[in-house]
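Student: Pasting coords.cif here (mmCIF, C-alpha atoms (C1' of nucleotides)):
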data_target
loop_
_atom_site.label_atom_id
_atom_site.label_comp_id
_atom_site.auth_asym_id
_atom_site.auth_seq_id
_atom_site.Cartn_x
_atom_site.Cartn_y
_atom_site.Cartn_z
CA MET A 1 -17.76 14.69 -108.83
CA ARG A 2 -19.92 11.58 -109.21
CA SER A 3 -18.77 9.23 -111.92
CA THR A 4 -22.13 9.42 -113.66
CA THR A 5 -21.72 13.13 -114.22
CA LEU A 6 -18.35 12.75 -115.91
CA THR A 7 -18.23 13.50 -119.62
CA PRO A 8 -16.56 10.87 -121.82
CA GLY A 9 -13.40 12.95 -122.07
CA ALA A 10 -13.33 13.57 -118.33
CA ARG A 11 -13.78 9.83 -117.76
CA ARG A 12 -10.76 9.05 -119.92
CA ILE A 13 -8.71 11.77 -118.24
CA LEU A 14 -9.49 10.40 -114.79
CA ASP A 15 -8.75 6.83 -115.83
CA VAL A 16 -5.42 7.77 -117.35
CA ALA A 17 -4.50 10.09 -114.47
CA SER A 18 -5.35 7.37 -111.94
CA ALA A 19 -3.11 4.84 -113.61
CA LEU A 20 -0.23 7.26 -114.03
CA PHE A 21 -0.45 8.83 -110.56
CA TYR A 22 -0.49 5.41 -108.99
CA GLU A 23 2.26 3.85 -111.08
CA ARG A 24 4.69 6.76 -111.26
CA GLY A 25 3.77 9.05 -108.39
CA ILE A 26 1.77 12.25 -108.47
CA HIS A 27 4.51 14.86 -108.72
CA ALA A 28 6.26 12.80 -111.37
CA VAL A 29 3.34 13.03 -113.80
CA GLY A 30 2.58 16.25 -115.63
CA VAL A 31 -0.74 17.40 -117.00
CA ASP A 32 0.69 17.40 -120.53
CA THR A 33 1.32 13.68 -120.27
CA ILE A 34 -2.13 13.00 -118.85
CA ALA A 35 -3.82 15.02 -121.59
CA ALA A 36 -1.78 13.38 -124.34
CA GLU A 37 -2.37 9.84 -123.04
CA SER A 38 -6.09 10.55 -122.70
CA GLY A 39 -6.31 11.68 -126.30
CA VAL A 40 -7.49 15.04 -125.06
CA THR A 41 -6.12 18.56 -125.09
CA LYS A 42 -4.91 20.28 -121.96
CA ARG A 43 -7.72 22.77 -122.46
CA THR A 44 -10.28 20.03 -121.97
CA LEU A 45 -8.52 18.76 -118.90
CA TYR A 46 -8.64 22.18 -117.28
CA ASP A 47 -12.22 22.75 -118.42
CA ARG A 48 -13.28 19.51 -116.71
CA PHE A 49 -11.19 19.52 -113.53
CA GLY A 50 -10.02 23.08 -113.01
CA SER A 51 -6.57 22.25 -111.68
CA LYS A 52 -4.12 19.42 -111.24
CA ASP A 53 -4.82 19.48 -107.53
CA ALA A 54 -8.54 18.92 -108.14
CA LEU A 55 -7.68 16.06 -110.48
CA VAL A 56 -5.53 14.52 -107.77
CA VAL A 57 -8.41 14.79 -105.32
CA ALA A 58 -10.77 13.18 -107.86
CA TYR A 59 -8.26 10.36 -108.31
CA LEU A 60 -8.04 9.67 -104.59
CA ALA A 61 -11.77 10.07 -104.03
CA GLU A 62 -12.54 7.48 -106.67
CA ARG A 63 -10.01 5.00 -105.35
CA ASP A 64 -11.39 5.61 -101.88
CA ARG A 65 -14.93 4.89 -102.99
CA ARG A 66 -13.95 1.71 -104.79
CA TRP A 67 -11.94 0.37 -101.86
CA ARG A 68 -14.77 1.08 -99.49
CA ASP A 69 -17.19 -0.71 -101.78
CA ARG A 70 -14.95 -3.78 -101.77
CA VAL A 71 -14.64 -3.74 -98.00
CA VAL A 72 -18.37 -3.30 -97.53
CA ALA A 73 -19.11 -6.14 -99.95
CA ALA A 74 -16.61 -8.41 -98.20
CA LEU A 75 -18.07 -7.61 -94.79
CA ASP A 76 -21.59 -8.22 -96.07
CA GLY A 77 -20.60 -11.62 -97.37
CA ALA A 78 -18.71 -12.72 -94.27
CA PRO A 79 -20.04 -14.92 -91.45
CA ASP A 80 -21.17 -12.90 -88.49
CA ASP A 81 -18.30 -13.51 -86.11
CA PRO A 82 -15.35 -11.20 -85.34
CA VAL A 83 -12.66 -13.51 -86.69
CA SER A 84 -14.37 -13.95 -90.05
CA ARG A 85 -15.36 -10.32 -90.35
CA VAL A 86 -11.86 -9.01 -89.65
CA ASP A 87 -10.42 -11.61 -91.97
CA ALA A 88 -12.74 -10.32 -94.70
CA VAL A 89 -11.08 -6.90 -94.43
CA PHE A 90 -7.67 -8.49 -94.78
CA ALA A 91 -8.92 -10.58 -97.69
CA VAL A 92 -9.67 -7.32 -99.52
CA LEU A 93 -6.14 -6.20 -98.72
CA ALA A 94 -4.79 -9.46 -100.13
CA ALA A 95 -6.85 -9.15 -103.29
CA GLY A 96 -6.03 -5.48 -103.72
CA THR A 97 -2.29 -5.86 -103.29
CA ALA A 98 -2.23 -8.85 -105.63
CA GLU A 99 -3.03 -6.46 -108.45
CA SER A 100 0.01 -4.24 -108.00
CA SER A 101 3.09 -3.80 -105.84
CA ARG A 102 2.94 -0.02 -105.67
CA GLY A 103 1.23 -0.15 -102.30
CA CYS A 104 -1.49 2.09 -100.99
CA SER A 105 -2.35 5.15 -103.07
CA PHE A 106 -3.34 7.05 -99.93
CA ILE A 107 -0.10 6.34 -98.10
CA ASN A 108 1.86 7.28 -101.20
CA ALA A 109 -0.13 10.47 -101.64
CA ALA A 110 0.44 11.41 -98.01
CA ALA A 111 4.16 10.98 -98.57
CA GLU A 112 4.01 13.41 -101.48
CA PHE A 113 1.89 16.08 -99.79
CA PRO A 114 3.51 17.31 -96.59
CA ASP A 115 0.82 19.85 -95.81
CA PRO A 116 -1.69 18.12 -93.51
CA ASP A 117 -4.37 20.61 -94.56
CA HIS A 118 -4.16 19.74 -98.22
CA PRO A 119 -7.50 18.30 -99.42
CA ALA A 120 -5.74 15.14 -100.50
CA ARG A 121 -4.50 14.63 -96.96
CA THR A 122 -7.99 15.09 -95.59
CA LEU A 123 -9.18 12.28 -97.84
CA VAL A 124 -6.35 10.07 -96.62
CA ARG A 125 -7.19 10.68 -92.98
CA GLU A 126 -10.85 9.98 -93.58
CA GLU A 127 -10.11 6.76 -95.44
CA LYS A 128 -7.98 5.34 -92.63
CA GLN A 129 -10.46 6.52 -90.02
CA TRP A 130 -13.31 4.89 -91.92
CA LEU A 131 -11.41 1.61 -92.10
CA ARG A 132 -10.71 1.73 -88.39
CA GLU A 133 -14.42 2.24 -87.71
CA ARG A 134 -15.25 -0.81 -89.81
CA LEU A 135 -12.75 -2.81 -87.78
CA VAL A 136 -14.32 -1.65 -84.53
CA GLU A 137 -17.73 -2.71 -85.87
CA ALA A 138 -16.33 -6.04 -86.98
CA LEU A 139 -15.12 -6.56 -83.43
CA ALA A 140 -18.59 -6.03 -81.96
CA GLY A 141 -18.86 -7.84 -78.65
CA VAL A 142 -15.11 -8.27 -78.28
CA ALA A 143 -13.52 -6.89 -75.14
CA ASP A 144 -11.28 -3.89 -75.70
CA ALA A 145 -12.44 -3.53 -79.30
CA GLU A 146 -10.96 -0.06 -79.70
CA ARG A 147 -7.49 -1.16 -78.72
CA VAL A 148 -7.67 -4.30 -80.84
CA ALA A 149 -8.89 -2.28 -83.84
CA THR A 150 -5.86 -0.01 -83.57
CA THR A 151 -3.55 -3.02 -83.53
CA LEU A 152 -5.31 -4.41 -86.59
CA LEU A 153 -5.03 -1.09 -88.40
CA LEU A 154 -1.30 -1.02 -87.64
CA LEU A 155 -0.93 -4.51 -89.12
CA HIS A 156 -3.04 -3.55 -92.13
CA GLU A 157 -1.05 -0.42 -92.96
CA GLY A 158 2.20 -2.09 -92.05
CA ALA A 159 1.44 -4.76 -94.62
CA PHE A 160 1.08 -2.14 -97.35
CA VAL A 161 4.44 -0.63 -96.48
CA VAL A 162 6.41 -3.81 -95.92
CA LEU A 163 5.09 -5.06 -99.24
CA SER A 164 5.73 -1.95 -101.32
CA ALA A 165 8.71 -0.29 -99.63
CA ALA A 166 10.51 -3.33 -98.28
CA GLN A 167 9.18 -5.53 -101.10
CA ASP A 168 8.51 -8.50 -98.88
CA PRO A 169 5.91 -10.66 -100.68
CA ASP A 170 5.08 -12.34 -97.37
CA ALA A 171 3.91 -9.08 -95.80
CA VAL A 172 0.21 -9.38 -96.54
CA PRO A 173 -0.23 -13.07 -95.67
CA ALA A 174 1.78 -12.48 -92.49
CA ALA A 175 -0.39 -9.52 -91.54
CA ARG A 176 -3.51 -11.52 -92.25
CA SER A 177 -2.53 -14.42 -90.04
CA ALA A 178 -1.22 -12.09 -87.32
CA ALA A 179 -4.57 -10.29 -87.42
CA ARG A 180 -6.40 -13.55 -87.10
CA ALA A 181 -4.31 -14.48 -84.09
CA VAL A 182 -4.91 -11.10 -82.47
CA VAL A 183 -8.67 -11.39 -82.89
CA GLN A 184 -8.81 -14.99 -81.75
CA ASP A 185 -6.85 -14.02 -78.67
CA ALA A 186 -9.17 -11.10 -77.94
CA VAL A 187 -12.27 -13.24 -78.46
CA GLY A 188 -11.09 -16.13 -76.35
CA ARG A 189 -10.25 -14.04 -73.39
CA MET B 1 30.60 9.11 -98.96
CA ARG B 2 31.70 9.03 -95.31
CA SER B 3 30.84 12.11 -93.35
CA THR B 4 34.47 12.67 -92.43
CA THR B 5 35.39 13.01 -96.10
CA LEU B 6 32.79 15.69 -96.78
CA THR B 7 34.11 19.18 -97.43
CA PRO B 8 32.50 21.98 -95.41
CA GLY B 9 30.39 23.03 -98.38
CA ALA B 10 29.29 19.48 -99.06
CA ARG B 11 28.40 19.07 -95.40
CA ARG B 12 26.13 22.12 -95.53
CA ILE B 13 24.56 20.93 -98.79
CA LEU B 14 23.77 17.52 -97.35
CA ASP B 15 22.34 19.02 -94.15
CA VAL B 16 20.09 21.41 -96.04
CA ALA B 17 19.06 18.78 -98.57
CA SER B 18 18.22 16.33 -95.80
CA ALA B 19 15.98 18.81 -94.04
CA LEU B 20 14.22 19.90 -97.23
CA PHE B 21 13.81 16.41 -98.71
CA TYR B 22 12.31 15.16 -95.49
CA GLU B 23 10.03 18.12 -94.81
CA ARG B 24 8.78 18.79 -98.34
CA GLY B 25 9.37 15.60 -100.27
CA ILE B 26 12.18 14.82 -102.69
CA HIS B 27 10.57 15.70 -106.02
CA ALA B 28 9.20 18.91 -104.55
CA VAL B 29 12.67 20.30 -103.82
CA GLY B 30 14.91 21.56 -106.62
CA VAL B 31 18.67 21.76 -106.64
CA ASP B 32 18.51 25.54 -107.00
CA THR B 33 16.74 25.78 -103.66
CA ILE B 34 19.19 23.41 -101.99
CA ALA B 35 22.18 25.33 -103.30
CA ALA B 36 20.74 28.70 -102.32
CA GLU B 37 19.79 27.56 -98.82
CA SER B 38 23.24 26.04 -98.33
CA GLY B 39 24.94 29.31 -99.27
CA VAL B 40 26.61 27.49 -102.12
CA THR B 41 26.38 27.62 -105.89
CA LYS B 42 24.83 24.90 -107.97
CA ARG B 43 28.26 24.35 -109.47
CA THR B 44 29.62 23.32 -106.10
CA LEU B 45 26.67 21.04 -105.49
CA TYR B 46 27.30 19.19 -108.73
CA ASP B 47 31.04 19.13 -108.15
CA ARG B 48 30.52 17.45 -104.79
CA PHE B 49 27.64 15.09 -105.47
CA GLY B 50 27.47 14.68 -109.24
CA SER B 51 23.70 14.55 -109.55
CA LYS B 52 20.51 15.10 -107.62
CA ASP B 53 19.98 11.36 -107.55
CA ALA B 54 23.34 10.85 -105.86
CA LEU B 55 22.46 13.55 -103.35
CA VAL B 56 19.21 11.76 -102.61
CA VAL B 57 21.12 8.54 -102.03
CA ALA B 58 23.56 10.35 -99.73
CA TYR B 59 20.60 11.77 -97.81
CA LEU B 60 19.03 8.38 -97.30
CA ALA B 61 22.33 6.68 -96.54
CA GLU B 62 23.07 9.15 -93.78
CA ARG B 63 19.64 8.86 -92.22
CA ASP B 64 19.99 5.11 -92.45
CA ARG B 65 23.32 5.16 -90.68
CA ARG B 66 22.03 7.42 -87.90
CA TRP B 67 18.91 5.37 -87.30
CA ARG B 68 20.94 2.18 -87.14
CA ASP B 69 23.29 3.78 -84.64
CA ARG B 70 20.37 4.69 -82.42
CA VAL B 71 18.92 1.20 -82.62
CA VAL B 72 22.26 -0.41 -81.89
CA ALA B 73 22.83 1.90 -78.92
CA ALA B 74 19.37 1.18 -77.56
CA LEU B 75 19.86 -2.56 -77.94
CA ASP B 76 23.26 -2.36 -76.26
CA GLY B 77 21.74 -0.54 -73.31
CA ALA B 78 18.76 -2.84 -72.90
CA PRO B 79 18.44 -5.75 -70.45
CA ASP B 80 19.15 -9.06 -72.09
CA ASP B 81 15.62 -10.40 -72.42
CA PRO B 82 13.42 -10.43 -75.54
CA VAL B 83 10.71 -8.16 -74.14
CA SER B 84 13.17 -5.44 -73.13
CA ARG B 85 15.24 -5.73 -76.28
CA VAL B 86 12.26 -5.47 -78.61
CA ASP B 87 10.90 -2.61 -76.55
CA ALA B 88 14.21 -0.82 -77.00
CA VAL B 89 13.66 -0.85 -80.76
CA PHE B 90 10.21 0.64 -80.31
CA ALA B 91 11.63 3.19 -77.88
CA VAL B 92 13.84 4.45 -80.70
CA LEU B 93 10.74 4.66 -82.88
CA ALA B 94 8.97 6.67 -80.19
CA ALA B 95 11.92 9.03 -79.78
CA GLY B 96 12.41 9.40 -83.53
CA THR B 97 8.79 10.14 -84.34
CA ALA B 98 8.55 12.61 -81.46
CA GLU B 99 10.88 14.87 -83.44
CA SER B 100 8.65 15.16 -86.51
CA SER B 101 5.34 14.01 -87.90
CA ARG B 102 6.56 13.51 -91.46
CA GLY B 103 7.00 9.79 -90.86
CA CYS B 104 9.73 7.55 -92.16
CA SER B 105 12.08 9.02 -94.77
CA PHE B 106 12.55 5.59 -96.33
CA ILE B 107 8.85 4.88 -96.68
CA ASN B 108 8.32 8.34 -98.12
CA ALA B 109 11.22 7.91 -100.52
CA ALA B 110 9.86 4.55 -101.66
CA ALA B 111 6.54 6.24 -102.40
CA GLU B 112 8.32 8.77 -104.60
CA PHE B 113 10.50 6.30 -106.52
CA PRO B 114 8.41 3.64 -108.25
CA ASP B 115 11.36 1.91 -109.85
CA PRO B 116 12.38 -0.91 -107.47
CA ASP B 117 15.88 -0.93 -108.99
CA HIS B 118 16.57 2.69 -108.16
CA PRO B 119 19.52 2.92 -105.75
CA ALA B 120 17.30 4.75 -103.25
CA ARG B 121 14.93 1.80 -103.24
CA THR B 122 17.79 -0.60 -102.62
CA LEU B 123 18.72 1.41 -99.54
CA VAL B 124 15.13 1.29 -98.33
CA ARG B 125 14.93 -2.47 -98.73
CA GLU B 126 18.22 -2.94 -96.90
CA GLU B 127 17.16 -0.71 -94.04
CA LYS B 128 13.94 -2.62 -93.40
CA GLN B 129 15.73 -5.94 -93.81
CA TRP B 130 18.40 -4.86 -91.34
CA LEU B 131 15.76 -3.85 -88.80
CA ARG B 132 14.02 -7.17 -89.21
CA GLU B 133 17.30 -8.98 -88.56
CA ARG B 134 17.82 -6.99 -85.36
CA LEU B 135 14.31 -8.01 -84.26
CA VAL B 136 15.08 -11.65 -84.95
CA GLU B 137 18.25 -11.32 -82.88
CA ALA B 138 16.35 -9.58 -80.11
CA LEU B 139 14.01 -12.56 -80.05
CA ALA B 140 16.84 -15.04 -79.52
CA GLY B 141 15.50 -18.10 -77.78
CA VAL B 142 11.90 -17.30 -78.53
CA ALA B 143 9.89 -19.92 -80.39
CA ASP B 144 8.94 -18.95 -83.93
CA ALA B 145 11.22 -15.91 -83.83
CA GLU B 146 11.04 -15.36 -87.59
CA ARG B 147 7.28 -15.14 -87.62
CA VAL B 148 7.15 -12.93 -84.55
CA ALA B 149 9.79 -10.62 -86.03
CA THR B 150 7.64 -10.14 -89.13
CA THR B 151 4.65 -9.25 -86.98
CA LEU B 152 6.77 -6.75 -85.06
CA LEU B 153 8.07 -5.21 -88.28
CA LEU B 154 4.48 -4.82 -89.49
CA LEU B 155 3.57 -3.03 -86.27
CA HIS B 156 6.69 -0.87 -86.48
CA GLU B 157 6.09 0.26 -90.06
CA GLY B 158 2.36 0.50 -89.50
CA ALA B 159 3.05 2.93 -86.67
CA PHE B 160 5.01 5.21 -89.01
CA VAL B 161 2.16 5.26 -91.49
CA VAL B 162 -0.74 5.58 -89.10
CA LEU B 163 1.10 8.44 -87.45
CA SER B 164 2.11 10.36 -90.56
CA ALA B 165 -0.61 9.52 -93.09
CA ALA B 166 -3.58 9.02 -90.78
CA GLN B 167 -2.16 11.47 -88.24
CA ASP B 168 -3.12 9.39 -85.24
CA PRO B 169 -0.88 10.50 -82.36
CA ASP B 170 -1.65 7.25 -80.55
CA ALA B 171 -0.10 5.13 -83.31
CA VAL B 172 3.38 4.75 -81.88
CA PRO B 173 2.40 4.09 -78.24
CA ALA B 174 -0.22 1.62 -79.47
CA ALA B 175 2.34 -0.17 -81.63
CA ARG B 176 4.77 -0.28 -78.76
CA SER B 177 2.34 -1.87 -76.35
CA ALA B 178 1.02 -4.25 -79.01
CA ALA B 179 4.60 -5.28 -79.70
CA ARG B 180 5.18 -5.88 -76.01
CA ALA B 181 2.07 -8.05 -75.85
CA VAL B 182 3.14 -10.04 -78.91
CA VAL B 183 6.57 -10.73 -77.47
CA GLN B 184 5.26 -11.59 -74.02
CA ASP B 185 2.83 -14.00 -75.61
CA ALA B 186 5.58 -15.61 -77.69
CA VAL B 187 7.90 -15.90 -74.69
CA GLY B 188 5.30 -17.32 -72.35
CA ARG B 189 4.26 -20.07 -74.66
"C1'" DG C 1 -32.68 26.12 -136.97
"C1'" DC C 2 -30.67 27.45 -132.77
"C1'" DT C 3 -28.23 26.83 -128.69
"C1'" DA C 4 -25.36 24.69 -125.24
"C1'" DG C 5 -21.93 21.66 -124.10
"C1'" DA C 6 -17.96 19.02 -125.29
"C1'" DC C 7 -13.99 19.01 -127.47
"C1'" DT C 8 -9.96 20.32 -130.72
"C1'" DA C 9 -5.86 22.99 -132.13
"C1'" DC C 10 -2.22 25.68 -130.83
"C1'" DA C 11 0.34 29.37 -129.22
"C1'" DC C 12 1.88 31.42 -125.16
"C1'" DA C 13 3.13 32.86 -120.42
"C1'" DG C 14 6.20 32.53 -116.63
"C1'" DA C 15 8.23 29.77 -113.66
"C1'" DC C 16 10.95 25.92 -112.54
"C1'" DC C 17 13.74 21.73 -113.64
"C1'" DT C 18 18.54 19.32 -113.99
"C1'" DG C 19 22.87 19.99 -115.53
"C1'" DT C 20 27.12 22.32 -117.87
"C1'" DG C 21 30.74 25.64 -119.48
"C1'" DA C 22 34.12 29.14 -118.72
"C1'" DA C 23 36.89 31.78 -115.78
"C1'" DG C 24 38.83 32.88 -111.61
"C1'" DG C 25 39.82 33.71 -106.40
"C1'" DA C 26 41.64 31.99 -101.85
"C1'" DG C 27 44.53 29.10 -99.21
"C1'" DG C 28 47.52 25.33 -98.00
"C1'" DG C 29 51.15 21.69 -98.99
"C1'" DG C 30 54.84 20.10 -101.90
"C1'" DC D 1 56.62 29.16 -106.46
"C1'" DC D 2 53.35 26.06 -108.27
"C1'" DC D 3 49.74 23.17 -108.00
"C1'" DC D 4 45.66 21.29 -106.07
"C1'" DT D 5 41.27 21.51 -103.83
"C1'" DC D 6 37.44 24.10 -102.74
"C1'" DC D 7 34.50 27.27 -103.97
"C1'" DT D 8 32.65 31.38 -106.49
"C1'" DT D 9 30.07 33.97 -110.31
"C1'" DC D 10 27.30 33.89 -114.07
"C1'" DA D 11 25.41 32.66 -118.23
"C1'" DC D 12 23.15 29.20 -120.64
"C1'" DA D 13 21.14 24.95 -122.60
"C1'" DG D 14 17.15 22.29 -123.24
"C1'" DG D 15 13.41 20.81 -121.22
"C1'" DT D 16 9.11 20.44 -118.24
"C1'" DC D 17 5.84 22.43 -115.11
"C1'" DT D 18 0.92 24.42 -114.41
"C1'" DG D 19 -2.27 27.19 -116.43
"C1'" DT D 20 -4.60 30.54 -119.99
"C1'" DG D 21 -6.18 32.91 -124.35
"C1'" DT D 22 -8.14 32.70 -128.80
"C1'" DA D 23 -10.62 30.59 -132.19
"C1'" DG D 24 -13.19 27.09 -134.14
"C1'" DT D 25 -15.73 22.27 -134.90
"C1'" DC D 26 -19.03 18.71 -133.88
"C1'" DT D 27 -23.21 16.83 -131.94
"C1'" DA D 28 -27.52 16.34 -129.30
"C1'" DG D 29 -31.68 18.23 -127.79
"C1'" DC D 30 -35.06 21.85 -127.74
#
Could you show the structure in this file as structure tokens?

Tutor:
Amino acid sequence: MRSTTLTPGARRILDVASALFYERGIHAVGVDTIAAESGVTKRTLYDRFGSKDALVVAYLAERDRRWRDRVVAALDGAPDDPVSRVDAVFAVLAAGTAESSRGCSFINAAAEFPDPDHPARTLVREEKQWLRERLVEALAGVADAERVATTLLLLHEGAFVVLSAAQDPDAVPAARSAARAVVQDAVGR
Amino acid sequence: MRSTTLTPGARRILDVASALFYERGIHAVGVDTIAAESGVTKRTLYDRFGSKDALVVAYLAERDRRWRDRVVAALDGAPDDPVSRVDAVFAVLAAGTAESSRGCSFINAAAEFPDPDHPARTLVREEKQWLRERLVEALAGVADAERVATTLLLLHEGAFVVLSAAQDPDAVPAARSAARAVVQDAVGR
DNA sequence: GCTAGACTACACAGACCTGTGAAGGAGGGG
DNA sequence: CCCCTCCTTCACAGGTCTGTGTAGTCTAGC
């Protein structure tokens, strides 16, 4: 399911599906709509992806990969101290949420798929777990890094929700500065 | 739409709809299923509630009312200091999430309804805003109460998400103790 | 030239969706 | 007794859902 192996039609399908799933919700978008908007027949869609479920997984997997790339790039470019490194993660959050107010595609997907064993849910778990591991790494040398990382993850995910569900535009900046305070406190102890 | 004005059939419909909407997601549950499970015909459902959308709003409104009642009761029973009062709010979160791992019905509903002007979304906004106001009140006398309340709301909502989407059973206890630390820090300054 | 892959067109299946129309039964209050 | 509310039964409209079957076209590479 690497992007380089996607045929041109499949590429268009995935692009269109990604936009529609994210903007309108997964259950709210039918395969007919996706096919039509991609300028492709339903037959092609099923030939490329096999099922709507598999298309949903491809959608989440791609968003996952792109978000991880952004986080990795931000961490690579950040000064090598815990405060800066954690702030880099929250800078990605700020940049990412500036593009849309629909929140986190993984959180939204989890809300739509109650079954914890659904492949989409596995992806969601892994994404959040991966982010938490990056936070623990960013806190290298800080006392109680595991506990602090959990607090930071709570602030990070809370920001997504308070922004998209509660529609508070201050959510992300507030989370970012709260995170900074938490790390500074943990470092200075 | 007060519960005392609901006819017996309507009461059953709303109970069944609440359980199904919460467990399976709103779009995933059809009115046929709700009517059948309530031992009622679709005709009755539409006579009582008018539309599925209105039933969804009734579902959220009732959950909202019940959650608020629990928070108010917990705050009433808590010692009159910021740490205890804030902890009471998080105790309700702990008790509420112990009952199910499907997370927050309002967050989930927001994920399913992209239109911010949908009546369900208005309810969601009001619920989170109300909770934030209770937190500000609980922080009476604390310096920078508004900012601290936002941080606490982020931890509160983050706990819902990290529990339900990331399925981390430690999310709520971690949020509760982080909240306690935040308040203690703000008080002791 | 031949073949394989990508894609089109389009009908169809079978289920499910929200919502309505018509007709009537049961029971209580005026 | 009559009316009102609540609720029932059942058919139906009009649409959407995921997914498949059949048949055929175009293009690139061997």

Student: For the atom pair CA of Ala143 in chain B and CA of Phe160 in chain B, what is the interatomic distance in Å to one decimal place?

Tutor: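 For CA of Ala143 in chain B relative to CA of Phe160 in chain B, the distance reads 27.0 Å.
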
Student: Quick check on the file I pasted: which residues fall under the PyMOL selection byres ((chain B) within 8 of (chain C))? Write them as a PyMOL selection string.

Tutor: chain B and resi 30-31+52

Student: Sort by chain and increasing residue number a table of all residues of chain D within 9 Å of chain B, each with its closest pair of atoms and their distance in Å to one decimal, counting all atoms listed in the file, and write it as a Markdown table.

Tutor:
| residue | atom | partner | partner_atom | distance |
| --- | --- | --- | --- | --- |
| D:DC6 | C1' | B:Thr7 | CA | 8.0 |
| D:DC7 | C1' | B:Thr44 | CA | 6.6 |
| D:DT8 | C1' | B:Thr41 | CA | 7.3 |
| D:DT9 | C1' | B:Thr41 | CA | 8.6 |

Student: Can you list, as a PyMOL selection string, the residues that the PyMOL selection byres ((chain B) within 8 of (chain A)) selects here?

Tutor: chain B and resi 23-25+27-28+102+106-114+121+124-126+128-129+147+150-151+153-159+161-162+164-167+171+174-175+178

Student: Kindly provide the residues of range 119-160 of chain A that approach range 82-85 of chain A to within 12 Å, each paired with its closest atom pair and their distance in Å to one decimal, based on only C-alpha atoms, listed by chain and increasing number, as a Markdown table.

Tutor:
| residue | atom | partner | partner_atom | distance |
| --- | --- | --- | --- | --- |
| A:Arg134 | CA | A:Arg85 | CA | 9.5 |
| A:Leu135 | CA | A:Arg85 | CA | 8.4 |
| A:Val136 | CA | A:Pro82 | CA | 9.6 |
| A:Glu137 | CA | A:Pro82 | CA | 8.8 |
| A:Ala138 | CA | A:Pro82 | CA | 5.5 |
| A:Leu139 | CA | A:Pro82 | CA | 5.0 |
| A:Ala140 | CA | A:Pro82 | CA | 7.0 |
| A:Gly141 | CA | A:Pro82 | CA | 8.3 |
| A:Val142 | CA | A:Pro82 | CA | 7.6 |
| A:Ala143 | CA | A:Pro82 | CA | 11.2 |
| A:Ala145 | CA | A:Pro82 | CA | 10.2 |
| A:Val148 | CA | A:Pro82 | CA | 11.3 |
| A:Ala149 | CA | A:Pro82 | CA | 11.1 |
| A:Leu152 | CA | A:Val83 | CA | 11.7 |
